[in-house]
Structure formats: structure tokens, C-alpha cells
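Engineer: Dropping in my_file.csv, with CSV, C-alpha atoms.
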chain,number,residue,atom,x,y,z
A,7,MET,CA,1.7,22.3,26.6
A,8,GLU,CA,4.6,23.9,24.7
A,9,ASN,CA,6.3,20.5,24.4
A,10,PHE,CA,3.1,18.9,23.1
A,11,ILE,CA,2.7,21.6,20.5
A,12,ALA,CA,6.3,21.3,19.4
A,13,LYS,CA,6.1,17.5,19.1
A,14,TYR,CA,2.6,17.6,17.5
A,15,PRO,CA,2.2,20.8,15.4
A,16,VAL,CA,-0.9,19.4,13.7
A,17,HIS,CA,-3.7,19.4,16.3
A,18,SER,CA,-7.2,20.6,17.0
A,19,GLY,CA,-8.5,22.4,20.0
A,20,ILE,CA,-11.7,20.9,21.3
A,21,ALA,CA,-13.7,22.2,24.3
A,22,VAL,CA,-15.2,19.5,26.5
A,23,ALA,CA,-19.0,19.9,26.8
A,24,TRP,CA,-20.8,19.2,30.1
A,25,GLY,CA,-23.1,16.8,28.3
A,26,GLU,CA,-20.2,14.6,27.2
A,27,MET,CA,-19.7,13.4,30.8
A,28,ASP,CA,-21.4,10.2,31.9
A,29,ALA,CA,-22.8,8.9,35.2
A,30,LEU,CA,-19.2,8.4,36.4
A,31,GLN,CA,-18.7,12.2,36.0
A,32,HIS,CA,-16.0,11.9,33.3
A,33,VAL,CA,-16.0,12.2,29.5
A,34,ASN,CA,-17.7,9.0,28.2
A,35,ASN,CA,-15.4,6.7,26.3
A,36,VAL,CA,-17.4,6.8,23.1
A,37,VAL,CA,-17.0,10.6,22.9
A,38,TYR,CA,-13.3,10.2,22.2
A,39,PHE,CA,-14.1,8.7,18.8
A,40,ARG,CA,-15.9,12.0,17.9
A,41,TYR,CA,-12.9,13.9,19.1
A,42,PHE,CA,-10.7,11.7,16.8
A,43,GLU,CA,-13.1,12.3,13.9
A,44,THR,CA,-13.1,16.1,14.5
A,45,ALA,CA,-9.3,16.2,14.5
A,46,ARG,CA,-9.1,14.0,11.4
A,47,ILE,CA,-11.5,16.2,9.5
A,48,ASP,CA,-9.6,19.3,10.6
A,49,PHE,CA,-6.4,17.7,9.3
A,50,PHE,CA,-7.9,17.0,5.9
A,51,ASN,CA,-9.6,20.4,5.7
A,52,ARG,CA,-6.2,21.9,6.3
A,53,PHE,CA,-4.1,19.8,4.0
A,54,PHE,CA,-6.3,17.9,1.5
A,55,PRO,CA,-10.0,18.9,1.5
A,56,LEU,CA,-12.1,15.8,0.8
A,57,GLY,CA,-15.3,17.4,-0.5
A,58,GLU,CA,-14.5,17.0,-4.3
A,59,MET,CA,-13.4,13.4,-3.9
A,60,TYR,CA,-16.7,12.5,-2.1
A,61,LYS,CA,-18.7,14.3,-4.8
A,62,SER,CA,-17.0,12.0,-7.4
A,63,GLY,CA,-18.3,9.0,-5.5
A,64,GLN,CA,-15.0,8.1,-3.9
A,65,GLY,CA,-13.8,8.7,-0.4
A,66,LEU,CA,-12.4,7.4,2.8
A,67,VAL,CA,-14.2,5.0,5.2
A,68,ILE,CA,-13.0,4.1,8.7
A,69,SER,CA,-12.5,0.4,9.0
A,70,ASP,CA,-11.0,0.3,12.5
A,71,ASN,CA,-10.9,2.6,15.6
A,72,SER,CA,-9.2,2.1,18.9
A,73,ALA,CA,-8.6,4.2,22.0
A,74,ARG,CA,-6.5,3.8,25.2
A,75,TYR,CA,-7.7,5.8,28.1
A,76,LYS,CA,-4.9,6.8,30.5
A,77,ARG,CA,-6.6,9.4,32.7
A,78,PRO,CA,-10.2,10.6,33.0
A,79,VAL,CA,-11.2,14.0,31.6
A,80,THR,CA,-13.9,16.2,33.1
A,81,TYR,CA,-15.7,19.4,32.3
A,82,PRO,CA,-14.4,22.1,32.1
A,83,ASP,CA,-11.4,21.4,29.9
A,84,THR,CA,-10.0,22.1,26.5
A,85,LEU,CA,-8.3,19.2,24.7
A,86,ARG,CA,-5.6,19.4,22.0
A,87,VAL,CA,-6.1,16.4,19.7
A,88,ALA,CA,-3.0,15.7,17.6
A,89,VAL,CA,-3.1,13.8,14.3
A,90,THR,CA,-0.2,11.9,12.8
A,91,ILE,CA,-0.1,9.5,9.9
A,92,GLY,CA,1.2,6.0,10.5
A,93,GLU,CA,1.4,3.1,8.1
A,94,ILE,CA,0.5,3.7,4.5
A,95,LYS,CA,-0.6,0.9,2.1
A,96,GLU,CA,-1.9,0.9,-1.4
A,97,ASP,CA,-5.6,1.4,-0.4
A,98,ARG,CA,-5.4,2.5,3.3
A,99,PHE,CA,-3.5,4.3,6.0
A,100,SER,CA,-3.6,4.6,9.7
A,101,THR,CA,-4.0,7.8,11.7
A,102,HIS,CA,-2.8,8.2,15.3
A,103,TYR,CA,-4.2,10.5,17.9
A,104,GLN,CA,-2.7,12.0,21.1
A,105,VAL,CA,-5.2,13.8,23.4
A,106,PHE,CA,-3.7,16.4,25.6
A,107,SER,CA,-5.7,18.0,28.4
A,108,GLU,CA,-4.9,21.7,29.0
A,109,ARG,CA,-6.3,21.4,32.5
A,110,GLN,CA,-4.2,18.4,33.5
A,111,GLN,CA,-1.2,19.3,31.3
A,112,THR,CA,-0.7,15.8,30.1
A,113,ILE,CA,-1.8,13.3,27.4
A,114,THR,CA,-4.9,11.6,28.7
A,115,THR,CA,-5.9,9.4,25.8
A,116,THR,CA,-4.3,7.9,22.7
A,117,GLY,CA,-5.9,6.3,19.7
A,118,SER,CA,-5.8,5.2,16.1
A,119,SER,CA,-7.9,4.7,13.1
A,120,VAL,CA,-7.6,2.9,9.8
A,121,ALA,CA,-9.0,4.7,6.7
A,122,VAL,CA,-9.7,2.8,3.5
A,123,MET,CA,-10.1,4.4,0.1
A,124,TYR,CA,-13.5,3.4,-1.3
A,125,ASP,CA,-15.5,3.7,-4.5
A,126,PHE,CA,-19.1,4.1,-3.4
A,127,LYS,CA,-20.4,3.3,-6.9
A,128,THR,CA,-18.7,-0.1,-7.2
A,129,GLN,CA,-18.7,-0.6,-3.5
A,130,ARG,CA,-15.0,-1.7,-3.6
A,131,LYS,CA,-11.7,-0.6,-2.2
A,132,ILE,CA,-9.5,1.3,-4.6
A,133,PRO,CA,-5.9,2.6,-4.5
A,134,LEU,CA,-5.2,5.9,-2.7
A,135,PRO,CA,-4.9,8.8,-5.2
A,136,GLU,CA,-1.3,10.1,-5.7
A,137,ASP,CA,-2.1,13.6,-4.5
A,138,LEU,CA,-3.5,12.2,-1.3
A,139,LEU,CA,-0.5,9.9,-0.9
A,140,ALA,CA,1.8,12.9,-1.1
A,141,VAL,CA,0.0,14.6,1.7
A,142,LEU,CA,0.0,11.5,3.9
A,143,ARG,CA,3.7,10.9,3.3
A,144,GLN,CA,4.5,14.5,4.3
A,145,HIS,CA,2.8,14.0,7.7
A,146,GLN,CA,3.8,10.4,8.2
A,147,GLN,CA,5.3,9.7,11.7
A,148,LYS,CA,8.6,8.0,11.3
Go ahead and express the file in the form of C-alpha cells.
Structural biologist:
Amino acid sequence: MENFIAKYPVHSGIAVAWGEMDALQHVNNVVYFRYFETARIDFFNRFFPLGEMYKSGQGLVISDNSARYKRPVTYPDTLRVAVTIGEIKEDRFSTHYQVFSERQQTITTTGSSVAVMYDFKTQRKIPLPEDLLAVLRQHQQK
């Protein structure tokens, strides 16, 4: 786990709940998107709280999500979900996730999302604000 934390210092700890397992007795595939969301929100709460932006009628919407399942995860376990920033464009950016199982001591799942900056009043994409761009660039994986 020390190598994971050294490589991915921005991560969230998430306890696996019994109810997240499915009939095949492992965490259901859809639950990982909730884990990604939790880690992404933790990232923004830490570096760029989004509340004021959303109050102004602008914010991020997810336009794409993907996951690759390498190993099944079961209860009990605690996962470390790392967040890194990938490609940044004028109105969007990608986030990448690495899910590390403390029980298995390995990465069990990887994923990514694309977030688009959106004006909810005009219902149109808009450019990312400069202060958000600065945070994204600071955490961009190169």
C-alpha cells in the first residue's frame, strides 16, 4: 500500500458495505461508479469546492464513465480510490481512477470519467474557469 500512496497521494478511503455485493458475492459493477464519484467529489472538496459554482448556475456534468474490472472485491474491505487528471480541453477534462484493495494489496479496478463545464441556465457547454483550470493542471498526470 505504501507504493500506491506514494504514487497516488490524492485518494479517498472507502469501506465496502455488505449490501454492495451482488448474487455473485462480489461488489456489483455499478457500485464502482459511486466509488469514482465519491473520490472525485472528495478531490474537489479538497482542492476546489464546487458549491459556489453550482449556486451560480454553472457546474460540471459527467458525459462519459468507464471502468475496467481486474479482480473481484468482496466484503469486508477498504478501498483506496485515487484520482488523477488526464486530458484537459477548453470545456472538459478527464479524470482517472485507480482502486486499490487493502485486503488484496493490489489495484482491482481502473476507470475514467469525462466532466464537461455546463451552464444550466442556457443549457450549453461553456469554457472551464481559469481558477479551476489551474487546479486541474496542478494535478494533471503527465
Engineer: Using all atoms listed in the file, which residues sit within 10 Å of range 69-86 of chain A once same-chain residues fewer than 2 positions away are excluded, as a PyMOL selection string?
Structural biologist: chain A and resi 7+10-11+14+16-28+30-36+38-39+41-42+45+66-67+88-89+98+100-122
Engineer: Just to be explicit: take each residue in the selection above, keep C-alpha atoms, and write the result as a PDB file, in the frame of the given file.
Structural biologist:
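Output saved as selection24.pdb:
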ATOM      1  CA  MET A   7       1.700  22.300  26.600  1.00  0.00           C
ATOM      2  CA  PHE A  10       3.100  18.900  23.100  1.00  0.00           C
ATOM      3  CA  ILE A  11       2.700  21.600  20.500  1.00  0.00           C
ATOM      4  CA  TYR A  14       2.600  17.600  17.500  1.00  0.00           C
ATOM      5  CA  VAL A  16      -0.900  19.400  13.700  1.00  0.00           C
ATOM      6  CA  HIS A  17      -3.700  19.400  16.300  1.00  0.00           C
ATOM      7  CA  SER A  18      -7.200  20.600  17.000  1.00  0.00           C
ATOM      8  CA  GLY A  19      -8.500  22.400  20.000  1.00  0.00           C
ATOM      9  CA  ILE A  20     -11.700  20.900  21.300  1.00  0.00           C
ATOM     10  CA  ALA A  21     -13.700  22.200  24.300  1.00  0.00           C
ATOM     11  CA  VAL A  22     -15.200  19.500  26.500  1.00  0.00           C
ATOM     12  CA  ALA A  23     -19.000  19.900  26.800  1.00  0.00           C
ATOM     13  CA  TRP A  24     -20.800  19.200  30.100  1.00  0.00           C
ATOM     14  CA  GLY A  25     -23.100  16.800  28.300  1.00  0.00           C
ATOM     15  CA  GLU A  26     -20.200  14.600  27.200  1.00  0.00           C
ATOM     16  CA  MET A  27     -19.700  13.400  30.800  1.00  0.00           C
ATOM     17  CA  ASP A  28     -21.400  10.200  31.900  1.00  0.00           C
ATOM     18  CA  LEU A  30     -19.200   8.400  36.400  1.00  0.00           C
ATOM     19  CA  GLN A  31     -18.700  12.200  36.000  1.00  0.00           C
ATOM     20  CA  HIS A  32     -16.000  11.900  33.300  1.00  0.00           C
ATOM     21  CA  VAL A  33     -16.000  12.200  29.500  1.00  0.00           C
ATOM     22  CA  ASN A  34     -17.700   9.000  28.200  1.00  0.00           C
ATOM     23  CA  ASN A  35     -15.400   6.700  26.300  1.00  0.00           C
ATOM     24  CA  VAL A  36     -17.400   6.800  23.100  1.00  0.00           C
ATOM     25  CA  TYR A  38     -13.300  10.200  22.200  1.00  0.00           C
ATOM     26  CA  PHE A  39     -14.100   8.700  18.800  1.00  0.00           C
ATOM     27  CA  TYR A  41     -12.900  13.900  19.100  1.00  0.00           C
ATOM     28  CA  PHE A  42     -10.700  11.700  16.800  1.00  0.00           C
ATOM     29  CA  ALA A  45      -9.300  16.200  14.500  1.00  0.00           C
ATOM     30  CA  LEU A  66     -12.400   7.400   2.800  1.00  0.00           C
ATOM     31  CA  VAL A  67     -14.200   5.000   5.200  1.00  0.00           C
ATOM     32  CA  ALA A  88      -3.000  15.700  17.600  1.00  0.00           C
ATOM     33  CA  VAL A  89      -3.100  13.800  14.300  1.00  0.00           C
ATOM     34  CA  ARG A  98      -5.400   2.500   3.300  1.00  0.00           C
ATOM     35  CA  SER A 100      -3.600   4.600   9.700  1.00  0.00           C
ATOM     36  CA  THR A 101      -4.000   7.800  11.700  1.00  0.00           C
ATOM     37  CA  HIS A 102      -2.800   8.200  15.300  1.00  0.00           C
ATOM     38  CA  TYR A 103      -4.200  10.500  17.900  1.00  0.00           C
ATOM     39  CA  GLN A 104      -2.700  12.000  21.100  1.00  0.00           C
ATOM     40  CA  VAL A 105      -5.200  13.800  23.400  1.00  0.00           C
ATOM     41  CA  PHE A 106      -3.700  16.400  25.600  1.00  0.00           C
ATOM     42  CA  SER A 107      -5.700  18.000  28.400  1.00  0.00           C
ATOM     43  CA  GLU A 108      -4.900  21.700  29.000  1.00  0.00           C
ATOM     44  CA  ARG A 109      -6.300  21.400  32.500  1.00  0.00           C
ATOM     45  CA  GLN A 110      -4.200  18.400  33.500  1.00  0.00           C
ATOM     46  CA  GLN A 111      -1.200  19.300  31.300  1.00  0.00           C
ATOM     47  CA  THR A 112      -0.700  15.800  30.100  1.00  0.00           C
ATOM     48  CA  ILE A 113      -1.800  13.300  27.400  1.00  0.00           C
ATOM     49  CA  THR A 114      -4.900  11.600  28.700  1.00  0.00           C
ATOM     50  CA  THR A 115      -5.900   9.400  25.800  1.00  0.00           C
ATOM     51  CA  THR A 116      -4.300   7.900  22.700  1.00  0.00           C
ATOM     52  CA  GLY A 117      -5.900   6.300  19.700  1.00  0.00           C
ATOM     53  CA  SER A 118      -5.800   5.200  16.100  1.00  0.00           C
ATOM     54  CA  SER A 119      -7.900   4.700  13.100  1.00  0.00           C
ATOM     55  CA  VAL A 120      -7.600   2.900   9.800  1.00  0.00           C
ATOM     56  CA  ALA A 121      -9.000   4.700   6.700  1.00  0.00           C
ATOM     57  CA  VAL A 122      -9.700   2.800   3.500  1.00  0.00           C
TER      58      VAL A 122
END
Engineer: Distance CA of Gln144 in chain A-CA of Met123 in chain A, one decimal place?
Structural biologist: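 Atom-to-atom, CA of Gln144 in chain A to CA of Met123 in chain A, that is 18.2 Å.
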Engineer: Rounded to one decimal in Å, what is the spacing between CA of Leu142 in chain A and CA of Ile47 in chain A?
Structural biologist: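 Atom-to-atom, CA of Leu142 in chain A to CA of Ile47 in chain A, that is 13.6 Å.
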Engineer: When you draw a straight line from CA of Leu138 in chain A to CA of Val37 in chain A, how long is it in Å?
Structural biologist: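 Distance between the two atoms: 27.8 Å.
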Engineer: Just want the 8 Å neighbourhood of Gly65 in chain A, counted on all atoms listed in the file, with same-chain residues fewer than 6 positions away dropped. Output as a list of chain:residue names.
Structural biologist: A:Leu56, A:Met59, A:Met123, A:Tyr124, A:Asp125, A:Phe126
Engineer: With C-alpha atoms retained, could you export that selection as a short mmCIF file (atom, residue, chain, number, x, y, z; two decimals), keeping the file's coordinate frame?
Structural biologist:
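Written file, part_34.cif:
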data_model
loop_
_atom_site.label_atom_id
_atom_site.label_comp_id
_atom_site.auth_asym_id
_atom_site.auth_seq_id
_atom_site.Cartn_x
_atom_site.Cartn_y
_atom_site.Cartn_z
CA LEU A 56 -12.10 15.80 0.80
CA MET A 59 -13.40 13.40 -3.90
CA MET A 123 -10.10 4.40 0.10
CA TYR A 124 -13.50 3.40 -1.30
CA ASP A 125 -15.50 3.70 -4.50
CA PHE A 126 -19.10 4.10 -3.40
#
Engineer: Around (2.8, 10.0, 8.8) in the file's own coordinates, what residues are found within 6 Å if you use all atoms listed in the file, given back as a list in words?
Structural biologist: Thr90, Ile91, Gly92, Leu142, Arg143, His145, Gln146 and Gln147 of chain A
Engineer: Please return range 104-115 of chain A, rebuilt to all heavy atoms, as a PDB file, keeping the file's coordinate frame.
Structural biologist:
ATOM      1  N   GLN A 104      -3.200  11.764  19.737  1.00  0.00           N
ATOM      2  CA  GLN A 104      -2.700  12.000  21.100  1.00  0.00           C
ATOM      3  C   GLN A 104      -3.654  13.126  21.644  1.00  0.00           C
ATOM      4  O   GLN A 104      -3.763  14.190  21.046  1.00  0.00           O
ATOM      5  CB  GLN A 104      -1.287  12.550  21.095  1.00  0.00           C
ATOM      6  CG  GLN A 104      -0.307  11.645  20.395  1.00  0.00           C
ATOM      7  CD  GLN A 104      -0.027  10.379  21.154  1.00  0.00           C
ATOM      8  OE1 GLN A 104      -0.022  10.364  22.391  1.00  0.00           O
ATOM      9  NE2 GLN A 104       0.193   9.296  20.439  1.00  0.00           N
ATOM     10  N   VAL A 105      -4.314  12.842  22.759  1.00  0.00           N
ATOM     11  CA  VAL A 105      -5.200  13.800  23.400  1.00  0.00           C
ATOM     12  C   VAL A 105      -4.588  14.408  24.592  1.00  0.00           C
ATOM     13  O   VAL A 105      -4.318  13.704  25.572  1.00  0.00           O
ATOM     14  CB  VAL A 105      -6.585  13.128  23.728  1.00  0.00           C
ATOM     15  CG1 VAL A 105      -7.537  14.148  24.353  1.00  0.00           C
ATOM     16  CG2 VAL A 105      -7.210  12.456  22.508  1.00  0.00           C
ATOM     17  N   PHE A 106      -4.343  15.711  24.513  1.00  0.00           N
ATOM     18  CA  PHE A 106      -3.700  16.400  25.600  1.00  0.00           C
ATOM     19  C   PHE A 106      -4.704  17.301  26.313  1.00  0.00           C
ATOM     20  O   PHE A 106      -5.419  18.086  25.694  1.00  0.00           O
ATOM     21  CB  PHE A 106      -2.582  17.333  24.985  1.00  0.00           C
ATOM     22  CG  PHE A 106      -1.808  18.131  25.990  1.00  0.00           C
ATOM     23  CD1 PHE A 106      -0.673  17.603  26.586  1.00  0.00           C
ATOM     24  CD2 PHE A 106      -2.206  19.413  26.335  1.00  0.00           C
ATOM     25  CE1 PHE A 106       0.056  18.349  27.503  1.00  0.00           C
ATOM     26  CE2 PHE A 106      -1.493  20.162  27.255  1.00  0.00           C
ATOM     27  CZ  PHE A 106      -0.359  19.621  27.842  1.00  0.00           C
ATOM     28  N   SER A 107      -4.774  17.177  27.621  1.00  0.00           N
ATOM     29  CA  SER A 107      -5.700  18.000  28.400  1.00  0.00           C
ATOM     30  C   SER A 107      -4.949  19.239  28.900  1.00  0.00           C
ATOM     31  O   SER A 107      -3.900  19.160  29.556  1.00  0.00           O
ATOM     32  CB  SER A 107      -6.102  17.170  29.670  1.00  0.00           C
ATOM     33  OG  SER A 107      -6.609  18.007  30.685  1.00  0.00           O
ATOM     34  N   GLU A 108      -5.514  20.395  28.555  1.00  0.00           N
ATOM     35  CA  GLU A 108      -4.900  21.700  29.000  1.00  0.00           C
ATOM     36  C   GLU A 108      -5.037  21.763  30.540  1.00  0.00           C
ATOM     37  O   GLU A 108      -4.137  22.272  31.194  1.00  0.00           O
ATOM     38  CB  GLU A 108      -5.591  22.842  28.341  1.00  0.00           C
ATOM     39  CG  GLU A 108      -5.210  22.980  26.887  1.00  0.00           C
ATOM     40  CD  GLU A 108      -5.717  24.252  26.248  1.00  0.00           C
ATOM     41  OE1 GLU A 108      -6.282  25.131  26.945  1.00  0.00           O
ATOM     42  OE2 GLU A 108      -5.552  24.381  25.017  1.00  0.00           O
ATOM     43  N   ARG A 109      -6.122  21.280  31.083  1.00  0.00           N
ATOM     44  CA  ARG A 109      -6.300  21.400  32.500  1.00  0.00           C
ATOM     45  C   ARG A 109      -5.326  20.504  33.295  1.00  0.00           C
ATOM     46  O   ARG A 109      -4.784  20.906  34.315  1.00  0.00           O
ATOM     47  CB  ARG A 109      -7.758  20.931  32.854  1.00  0.00           C
ATOM     48  CG  ARG A 109      -8.154  21.069  34.286  1.00  0.00           C
ATOM     49  CD  ARG A 109      -9.621  20.770  34.419  1.00  0.00           C
ATOM     50  NE  ARG A 109     -10.025  20.767  35.794  1.00  0.00           N
ATOM     51  CZ  ARG A 109     -11.145  20.248  36.232  1.00  0.00           C
ATOM     52  NH1 ARG A 109     -12.000  19.712  35.385  1.00  0.00           N
ATOM     53  NH2 ARG A 109     -11.445  20.291  37.503  1.00  0.00           N
ATOM     54  N   GLN A 110      -5.069  19.282  32.785  1.00  0.00           N
ATOM     55  CA  GLN A 110      -4.200  18.400  33.500  1.00  0.00           C
ATOM     56  C   GLN A 110      -2.721  18.475  32.993  1.00  0.00           C
ATOM     57  O   GLN A 110      -1.812  17.940  33.627  1.00  0.00           O
ATOM     58  CB  GLN A 110      -4.642  16.911  33.272  1.00  0.00           C
ATOM     59  CG  GLN A 110      -6.010  16.647  33.863  1.00  0.00           C
ATOM     60  CD  GLN A 110      -6.451  15.223  33.630  1.00  0.00           C
ATOM     61  OE1 GLN A 110      -5.711  14.277  33.956  1.00  0.00           O
ATOM     62  NE2 GLN A 110      -7.647  15.035  33.080  1.00  0.00           N
ATOM     63  N   GLN A 111      -2.510  19.154  31.859  1.00  0.00           N
ATOM     64  CA  GLN A 111      -1.200  19.300  31.300  1.00  0.00           C
ATOM     65  C   GLN A 111      -0.470  17.999  31.005  1.00  0.00           C
ATOM     66  O   GLN A 111       0.726  17.837  31.263  1.00  0.00           O
ATOM     67  CB  GLN A 111      -0.315  20.225  32.191  1.00  0.00           C
ATOM     68  CG  GLN A 111      -0.769  21.672  32.218  1.00  0.00           C
ATOM     69  CD  GLN A 111      -0.605  22.339  30.853  1.00  0.00           C
ATOM     70  OE1 GLN A 111       0.501  22.474  30.353  1.00  0.00           O
ATOM     71  NE2 GLN A 111      -1.714  22.742  30.257  1.00  0.00           N
ATOM     72  N   THR A 112      -1.249  17.057  30.445  1.00  0.00           N
ATOM     73  CA  THR A 112      -0.700  15.800  30.100  1.00  0.00           C
ATOM     74  C   THR A 112      -1.553  15.091  29.025  1.00  0.00           C
ATOM     75  O   THR A 112      -2.703  15.500  28.807  1.00  0.00           O
ATOM     76  CB  THR A 112      -0.559  14.849  31.329  1.00  0.00           C
ATOM     77  OG1 THR A 112       0.259  13.731  31.011  1.00  0.00           O
ATOM     78  CG2 THR A 112      -1.918  14.376  31.835  1.00  0.00           C
ATOM     79  N   ILE A 113      -0.998  14.073  28.392  1.00  0.00           N
ATOM     80  CA  ILE A 113      -1.800  13.300  27.400  1.00  0.00           C
ATOM     81  C   ILE A 113      -2.654  12.325  28.239  1.00  0.00           C
ATOM     82  O   ILE A 113      -2.171  11.570  29.089  1.00  0.00           O
ATOM     83  CB  ILE A 113      -0.837  12.514  26.488  1.00  0.00           C
ATOM     84  CG1 ILE A 113      -0.135  13.515  25.567  1.00  0.00           C
ATOM     85  CG2 ILE A 113      -1.613  11.476  25.672  1.00  0.00           C
ATOM     86  CD1 ILE A 113       0.910  12.914  24.643  1.00  0.00           C
ATOM     87  N   THR A 114      -3.948  12.382  27.970  1.00  0.00           N
ATOM     88  CA  THR A 114      -4.900  11.600  28.700  1.00  0.00           C
ATOM     89  C   THR A 114      -5.406  10.361  27.932  1.00  0.00           C
ATOM     90  O   THR A 114      -5.882   9.395  28.523  1.00  0.00           O
ATOM     91  CB  THR A 114      -6.146  12.406  29.096  1.00  0.00           C
ATOM     92  OG1 THR A 114      -6.780  12.857  27.892  1.00  0.00           O
ATOM     93  CG2 THR A 114      -5.763  13.581  29.972  1.00  0.00           C
ATOM     94  N   THR A 115      -5.308  10.431  26.612  1.00  0.00           N
ATOM     95  CA  THR A 115      -5.900   9.400  25.800  1.00  0.00           C
ATOM     96  C   THR A 115      -5.046   9.296  24.491  1.00  0.00           C
ATOM     97  O   THR A 115      -4.593  10.313  23.973  1.00  0.00           O
ATOM     98  CB  THR A 115      -7.329   9.717  25.384  1.00  0.00           C
ATOM     99  OG1 THR A 115      -8.048  10.066  26.570  1.00  0.00           O
ATOM    100  CG2 THR A 115      -8.017   8.541  24.703  1.00  0.00           C
TER     101      THR A 115
END
